[in-house]
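Asker: To be precise about what I am sending: the file is called input-v3.cif and holds mmCIF, C-alpha atoms and all ligand atoms; chains and numbers go by the auth columns.
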data_input
loop_
_atom_site.group_PDB
_atom_site.id
_atom_site.type_symbol
_atom_site.label_atom_id
_atom_site.label_comp_id
_atom_site.label_asym_id
_atom_site.label_seq_id
_atom_site.Cartn_x
_atom_site.Cartn_y
_atom_site.Cartn_z
_atom_site.B_iso_or_equiv
_atom_site.auth_seq_id
_atom_site.auth_asym_id
ATOM 1 C CA MET A 1 1.920 18.187 -17.950 0.00 1 A
ATOM 2 C CA PHE A 2 4.811 15.823 -18.549 0.00 2 A
ATOM 3 C CA ALA A 3 5.548 15.610 -14.831 0.00 3 A
ATOM 4 C CA ARG A 4 1.922 14.773 -14.131 0.00 4 A
ATOM 5 C CA LEU A 5 1.907 11.978 -16.744 0.00 5 A
ATOM 6 C CA THR A 6 5.122 10.566 -15.330 0.00 6 A
ATOM 7 C CA ALA A 7 3.667 10.566 -11.837 0.00 7 A
ATOM 8 C CA ALA A 8 0.601 8.734 -13.104 0.00 8 A
ATOM 9 C CA ALA A 9 2.777 6.146 -14.821 0.00 9 A
ATOM 10 C CA VAL A 10 4.775 5.599 -11.657 0.00 10 A
ATOM 11 C CA LEU A 11 1.574 5.152 -9.648 0.00 11 A
ATOM 12 C CA LEU A 12 0.272 2.687 -12.222 0.00 12 A
ATOM 13 C CA GLY A 13 3.524 0.757 -12.092 0.00 13 A
ATOM 14 C CA VAL A 14 3.345 0.464 -8.324 0.00 14 A
ATOM 15 C CA SER A 15 -0.259 -0.640 -8.564 0.00 15 A
ATOM 16 C CA LEU A 16 0.442 -3.353 -11.137 0.00 16 A
ATOM 17 C CA SER A 17 3.462 -4.753 -9.358 0.00 17 A
ATOM 18 C CA SER A 18 1.441 -5.041 -6.153 0.00 18 A
ATOM 19 C CA LEU A 19 -1.356 -6.932 -7.861 0.00 19 A
ATOM 20 C CA ALA A 20 0.567 -10.175 -7.840 0.00 20 A
ATOM 21 C CA SER A 21 -1.336 -13.040 -9.406 0.00 21 A
ATOM 22 C CA PRO A 22 -1.356 -16.392 -7.581 0.00 22 A
ATOM 23 C CA GLY A 23 0.732 -17.923 -10.352 0.00 23 A
ATOM 24 C CA GLU A 24 3.435 -15.304 -10.136 0.00 24 A
ATOM 25 C CA HIS A 25 7.024 -16.520 -10.375 0.00 25 A
ATOM 26 C CA PHE A 26 9.973 -14.964 -8.588 0.00 26 A
ATOM 27 C CA ALA A 27 13.658 -15.390 -9.386 0.00 27 A
ATOM 28 C CA PHE A 28 13.979 -17.791 -6.456 0.00 28 A
ATOM 29 C CA GLY A 29 10.800 -19.797 -6.920 0.00 29 A
ATOM 30 C CA HIS A 30 7.029 -19.715 -6.845 0.00 30 A
ATOM 31 C CA PRO A 31 4.067 -20.396 -4.553 0.00 31 A
ATOM 32 C CA ALA A 32 2.736 -23.953 -4.446 0.00 32 A
ATOM 33 C CA LYS A 33 -0.184 -25.876 -3.002 0.00 33 A
ATOM 34 C CA ALA A 34 0.218 -27.361 0.495 0.00 34 A
ATOM 35 C CA ASP A 35 -0.317 -30.917 -0.791 0.00 35 A
ATOM 36 C CA GLN A 36 2.624 -30.516 -3.207 0.00 36 A
ATOM 37 C CA ALA A 37 5.050 -30.021 -0.318 0.00 37 A
ATOM 38 C CA THR A 38 7.644 -32.692 0.412 0.00 38 A
ATOM 39 C CA ARG A 39 8.524 -31.201 3.785 0.00 39 A
ATOM 40 C CA THR A 40 6.801 -29.204 6.505 0.00 40 A
ATOM 41 C CA LEU A 41 8.775 -26.715 8.570 0.00 41 A
ATOM 42 C CA GLU A 42 7.276 -25.106 11.658 0.00 42 A
ATOM 43 C CA LEU A 43 8.462 -21.654 12.659 0.00 43 A
ATOM 44 C CA THR A 44 7.602 -19.650 15.736 0.00 44 A
ATOM 45 C CA LEU A 45 7.039 -15.925 15.295 0.00 45 A
ATOM 46 C CA GLY A 46 7.379 -13.939 18.520 0.00 46 A
ATOM 47 C CA ASP A 47 7.674 -10.328 19.529 0.00 47 A
ATOM 48 C CA MET A 48 10.727 -9.478 17.503 0.00 48 A
ATOM 49 C CA TYR A 49 12.143 -12.909 16.782 0.00 49 A
ATOM 50 C CA PHE A 50 11.872 -15.982 14.556 0.00 50 A
ATOM 51 C CA GLU A 51 12.683 -19.444 15.846 0.00 51 A
ATOM 52 C CA PRO A 52 14.624 -21.049 14.233 0.00 52 A
ATOM 53 C CA LYS A 53 16.748 -18.157 13.006 0.00 53 A
ATOM 54 C CA SER A 54 18.002 -19.859 9.856 0.00 54 A
ATOM 55 C CA LEU A 55 16.799 -22.533 7.444 0.00 55 A
ATOM 56 C CA THR A 56 18.294 -24.798 4.835 0.00 56 A
ATOM 57 C CA VAL A 57 16.243 -25.988 1.865 0.00 57 A
ATOM 58 C CA LYS A 58 17.163 -27.949 -1.249 0.00 58 A
ATOM 59 C CA GLU A 59 17.026 -26.476 -4.726 0.00 59 A
ATOM 60 C CA GLY A 60 13.749 -27.635 -6.293 0.00 60 A
ATOM 61 C CA GLU A 61 12.198 -28.492 -2.948 0.00 61 A
ATOM 62 C CA THR A 62 8.613 -27.521 -2.075 0.00 62 A
ATOM 63 C CA VAL A 63 8.311 -26.583 1.583 0.00 63 A
ATOM 64 C CA ARG A 64 5.138 -26.024 3.570 0.00 64 A
ATOM 65 C CA PHE A 65 5.829 -23.421 6.249 0.00 65 A
ATOM 66 C CA VAL A 66 3.589 -23.545 9.315 0.00 66 A
ATOM 67 C CA LEU A 67 3.874 -20.186 11.068 0.00 67 A
ATOM 68 C CA VAL A 68 2.837 -19.955 14.702 0.00 68 A
ATOM 69 C CA ASN A 69 2.566 -16.453 16.170 0.00 69 A
ATOM 70 C CA LYS A 70 3.223 -16.724 19.914 0.00 70 A
ATOM 71 C CA GLY A 71 3.596 -12.958 20.358 0.00 71 A
ATOM 72 C CA GLN A 72 1.242 -10.117 21.219 0.00 72 A
ATOM 73 C CA LEU A 73 1.747 -8.339 17.894 0.00 73 A
ATOM 74 C CA LEU A 74 0.913 -8.910 14.239 0.00 74 A
ATOM 75 C CA HIS A 75 3.850 -10.441 12.347 0.00 75 A
ATOM 76 C CA GLU A 76 4.689 -11.311 8.776 0.00 76 A
ATOM 77 C CA PHE A 77 6.550 -14.170 7.120 0.00 77 A
ATOM 78 C CA ASN A 78 7.965 -12.940 3.822 0.00 78 A
ATOM 79 C CA LEU A 79 10.391 -14.681 1.463 0.00 79 A
ATOM 80 C CA GLY A 80 12.750 -12.479 -0.526 0.00 80 A
ATOM 81 C CA ASP A 81 16.171 -10.922 -0.780 0.00 81 A
ATOM 82 C CA ALA A 82 17.248 -7.896 1.266 0.00 82 A
ATOM 83 C CA ALA A 83 16.200 -5.428 -1.472 0.00 83 A
ATOM 84 C CA MET A 84 12.715 -6.955 -1.740 0.00 84 A
ATOM 85 C CA HIS A 85 12.280 -6.724 2.016 0.00 85 A
ATOM 86 C CA ALA A 86 13.409 -3.079 2.041 0.00 86 A
ATOM 87 C CA ALA A 87 10.833 -2.272 -0.670 0.00 87 A
ATOM 88 C CA HIS A 88 8.079 -4.145 1.155 0.00 88 A
ATOM 89 C CA GLN A 89 8.870 -2.261 4.372 0.00 89 A
ATOM 90 C CA GLN A 90 8.093 0.994 2.532 0.00 90 A
ATOM 91 C CA GLU A 91 4.716 -0.412 1.391 0.00 91 A
ATOM 92 C CA MET A 92 3.894 -1.503 4.921 0.00 92 A
ATOM 93 C CA LEU A 93 4.771 1.922 6.309 0.00 93 A
ATOM 94 C CA LYS A 94 2.115 3.365 3.976 0.00 94 A
ATOM 95 C CA MET A 95 -0.416 0.757 5.156 0.00 95 A
ATOM 96 C CA VAL A 96 0.251 1.731 8.792 0.00 96 A
ATOM 97 C CA ALA A 97 0.052 5.459 7.953 0.00 97 A
ATOM 98 C CA SER A 98 -3.309 4.915 6.247 0.00 98 A
ATOM 99 C CA GLY A 99 -4.685 3.068 9.276 0.00 99 A
ATOM 100 C CA MET A 100 -5.201 -0.120 7.247 0.00 100 A
ATOM 101 C CA LEU A 101 -2.586 -2.034 9.227 0.00 101 A
ATOM 102 C CA THR A 102 -2.569 -1.903 13.033 0.00 102 A
ATOM 103 C CA SER A 103 -0.151 -3.458 15.533 0.00 103 A
ATOM 104 C CA THR A 104 -2.420 -6.484 15.961 0.00 104 A
ATOM 105 C CA GLY A 105 -4.126 -6.952 12.609 0.00 105 A
ATOM 106 C CA MET A 106 -5.293 -5.883 9.208 0.00 106 A
ATOM 107 C CA LYS A 107 -8.426 -3.771 8.851 0.00 107 A
ATOM 108 C CA HIS A 108 -10.838 -5.385 6.432 0.00 108 A
ATOM 109 C CA ASP A 109 -13.574 -2.762 6.786 0.00 109 A
ATOM 110 C CA GLY A 110 -14.167 -0.729 3.677 0.00 110 A
ATOM 111 C CA MET A 111 -12.082 -3.006 1.463 0.00 111 A
ATOM 112 C CA ALA A 112 -15.070 -3.896 -0.720 0.00 112 A
ATOM 113 C CA GLY A 113 -15.614 -0.285 -1.687 0.00 113 A
ATOM 114 C CA MET A 114 -12.055 0.326 -2.802 0.00 114 A
ATOM 115 C CA ASP A 115 -11.446 1.797 -6.199 0.00 115 A
ATOM 116 C CA HIS A 116 -8.633 0.637 -8.444 0.00 116 A
ATOM 117 C CA GLY A 117 -6.085 3.050 -6.994 0.00 117 A
ATOM 118 C CA ASP A 118 -6.540 1.633 -3.509 0.00 118 A
ATOM 119 C CA MET A 119 -5.829 -1.884 -4.706 0.00 119 A
ATOM 120 C CA ALA A 120 -2.123 -1.087 -4.501 0.00 120 A
ATOM 121 C CA MET A 121 -2.596 -1.024 -0.722 0.00 121 A
ATOM 122 C CA LYS A 122 -3.800 -4.605 -0.546 0.00 122 A
ATOM 123 C CA HIS A 123 -1.478 -7.004 1.227 0.00 123 A
ATOM 124 C CA ASP A 124 -1.684 -10.012 -1.071 0.00 124 A
ATOM 125 C CA ASP A 125 1.852 -10.788 -2.196 0.00 125 A
ATOM 126 C CA PRO A 126 2.198 -14.538 -2.880 0.00 126 A
ATOM 127 C CA ASN A 127 5.585 -14.667 -1.113 0.00 127 A
ATOM 128 C CA SER A 128 4.168 -13.257 2.109 0.00 128 A
ATOM 129 C CA VAL A 129 1.624 -14.049 4.800 0.00 129 A
ATOM 130 C CA LEU A 130 0.473 -12.064 7.840 0.00 130 A
ATOM 131 C CA VAL A 131 -0.064 -13.915 11.120 0.00 131 A
ATOM 132 C CA GLU A 132 -2.227 -12.356 13.823 0.00 132 A
ATOM 133 C CA PRO A 133 -1.239 -12.787 17.503 0.00 133 A
ATOM 134 C CA GLY A 134 -2.082 -16.272 18.784 0.00 134 A
ATOM 135 C CA LYS A 135 -2.884 -17.501 15.271 0.00 135 A
ATOM 136 C CA THR A 136 -1.222 -19.911 12.838 0.00 136 A
ATOM 137 C CA ALA A 137 -0.848 -19.353 9.110 0.00 137 A
ATOM 138 C CA GLU A 138 0.758 -21.299 6.272 0.00 138 A
ATOM 139 C CA LEU A 139 2.773 -20.579 3.166 0.00 139 A
ATOM 140 C CA THR A 140 3.955 -23.223 0.703 0.00 140 A
ATOM 141 C CA TRP A 141 6.820 -22.372 -1.610 0.00 141 A
ATOM 142 C CA THR A 142 8.909 -24.120 -4.282 0.00 142 A
ATOM 143 C CA PHE A 143 12.541 -22.997 -4.150 0.00 143 A
ATOM 144 C CA THR A 144 13.876 -23.202 -7.693 0.00 144 A
ATOM 145 C CA LYS A 145 17.134 -21.289 -7.509 0.00 145 A
ATOM 146 C CA ALA A 146 19.900 -20.748 -4.997 0.00 146 A
ATOM 147 C CA THR A 147 20.091 -17.069 -4.060 0.00 147 A
ATOM 148 C CA ASP A 148 20.764 -14.983 -0.971 0.00 148 A
ATOM 149 C CA LEU A 149 17.324 -15.415 0.485 0.00 149 A
ATOM 150 C CA GLU A 150 15.955 -14.145 3.761 0.00 150 A
ATOM 151 C CA PHE A 151 12.695 -14.729 5.576 0.00 151 A
ATOM 152 C CA ALA A 152 11.577 -11.551 7.273 0.00 152 A
ATOM 153 C CA CYS A 153 8.829 -9.614 8.989 0.00 153 A
ATOM 154 C CA ASN A 154 8.446 -6.250 7.254 0.00 154 A
ATOM 155 C CA ILE A 155 6.005 -4.651 9.678 0.00 155 A
ATOM 156 C CA PRO A 156 7.609 -1.265 10.470 0.00 156 A
ATOM 157 C CA GLY A 157 10.504 -1.662 12.913 0.00 157 A
ATOM 158 C CA HIS A 158 10.375 -5.453 13.197 0.00 158 A
ATOM 159 C CA TYR A 159 13.099 -6.299 10.642 0.00 159 A
ATOM 160 C CA GLN A 160 15.395 -3.780 12.342 0.00 160 A
ATOM 161 C CA ALA A 161 14.543 -5.305 15.745 0.00 161 A
ATOM 162 C CA GLY A 162 15.770 -8.707 14.565 0.00 162 A
ATOM 163 C CA MET A 163 12.889 -10.351 12.708 0.00 163 A
ATOM 164 C CA VAL A 164 14.978 -11.632 9.821 0.00 164 A
ATOM 165 C CA GLY A 165 16.661 -14.971 9.122 0.00 165 A
ATOM 166 C CA LYS A 166 18.761 -16.568 6.403 0.00 166 A
ATOM 167 C CA ILE A 167 17.653 -19.299 4.027 0.00 167 A
ATOM 168 C CA ALA A 168 20.479 -21.365 2.617 0.00 168 A
ATOM 169 C CA ILE A 169 19.633 -23.289 -0.548 0.00 169 A
ATOM 170 C CA ASP A 170 21.569 -26.510 -1.221 0.00 170 A
ATOM 171 C CA HIS A 171 22.202 -27.600 -4.795 0.00 171 A
HETATM 172 CU CU CU B . 7.020 -8.817 13.191 0.00 1 B
#
For this file, write the structure as structure tokens.

Answerer:
Amino acid sequence: MFARLTAAAVLLGVSLSSLASPGEHFAFGHPAKADQATRTLELTLGDMYFEPKSLTVKEGETVRFVLVNKGQLLHEFNLGDAAMHAAHQQEMLKMVASGMLTSTGMKHDGMAGMDHGDMAMKHDDPNSVLVEPGKTAELTWTFTKATDLEFACNIPGHYQAGMVGKIAIDH
């Protein structure tokens, strides 16, 4: 009985942490509106690379990232530290295993009928955006604190194949 309750609590915790609200704040900053950005940076996402490979931003700066996928595969642009990326890779593995995430896109069929438990599988983290092949997506972020940040693609195997870059934050 105790084990079952603990398992339920763990599941609930996962579910809640995945239901990030748009106003959510992270240790290194928070999402912002595109028109609040003071700089636009364009990045190319390709099959297993980012170009450029590293970025420098200023502490307090709001950057609008324009993400152009020139590859044949679905890619992600995700802001976080190495531990956050490792955790997100586990979530994405589950999405692939469930058939919700394919190599070229996200399945939207059946999403409307999801019950609360399935909501944990939704890819809606405010620090992340998926970019389908040939498409462009945007993410605007305010960097509030200098940390060891990386931008990464956490689709299974991509980070390990080289889809990760460093973000240096100037004071
Ligand atoms: Cu990728």

Asker: Using Å and a single decimal, report how far CA of Lys107 in chain A sits from CA of Tyr49 in chain A.

Answerer: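 A separation of 23.9 Å between them.
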
Asker: Neighbouring residues of ligand CU 1 (chain B) are defined here as those with any atom at most 6 Å from a ligand atom, counting all atoms listed in the file; list them as number ranges by chain.

Answerer: A: 48, 75-76, 153, 155, 158

Asker: If the PyMOL selection byres (((chain A and resi 63-67) around 8) and not hetatm) were run on this exact file, what residues would it hold? Put them as a PyMOL selection string.

Answerer: chain A and resi 34+37-45+57+61-62+68-69+77+131+136-143

Asker: Between CA of Gly29 in chain A and CA of His85 in chain A, measure the distance and give it in Å to one decimal.

Answerer: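 It comes out at 15.9 Å.
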
Asker: Do you know which residues the PyMOL selection byres (((chain A and resi 81) around 7) and not hetatm) returns on this file, as a ChimeraX atom specification?

Answerer: /A:80,82-85,148-150

Asker: In Å, how far is it from CA of Gly157 in chain A to CA of Ile169 in chain A?

Answerer: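 Result for CA of Gly157 in chain A versus CA of Ile169 in chain A: 27.1 Å, one decimal.
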
Asker: Using all atoms listed in the file, pick whichever of A:Gln89, A:Asp35, A:Ala27, A:Lys53 has the shortest atom-to-atom distance to Gln160 in chain A.

Answerer: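 Of the candidates, the smallest distance to Gln160 in chain A is held by A:Gln89.
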
Asker: Quick one: of A:Lys70, A:Lys145, A:His88, A:His25, who's nearest to Ala168 in chain A, counting all atoms listed in the file?

Answerer: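 The shortest atom-to-atom distance to Ala168 in chain A comes from A:Lys145.
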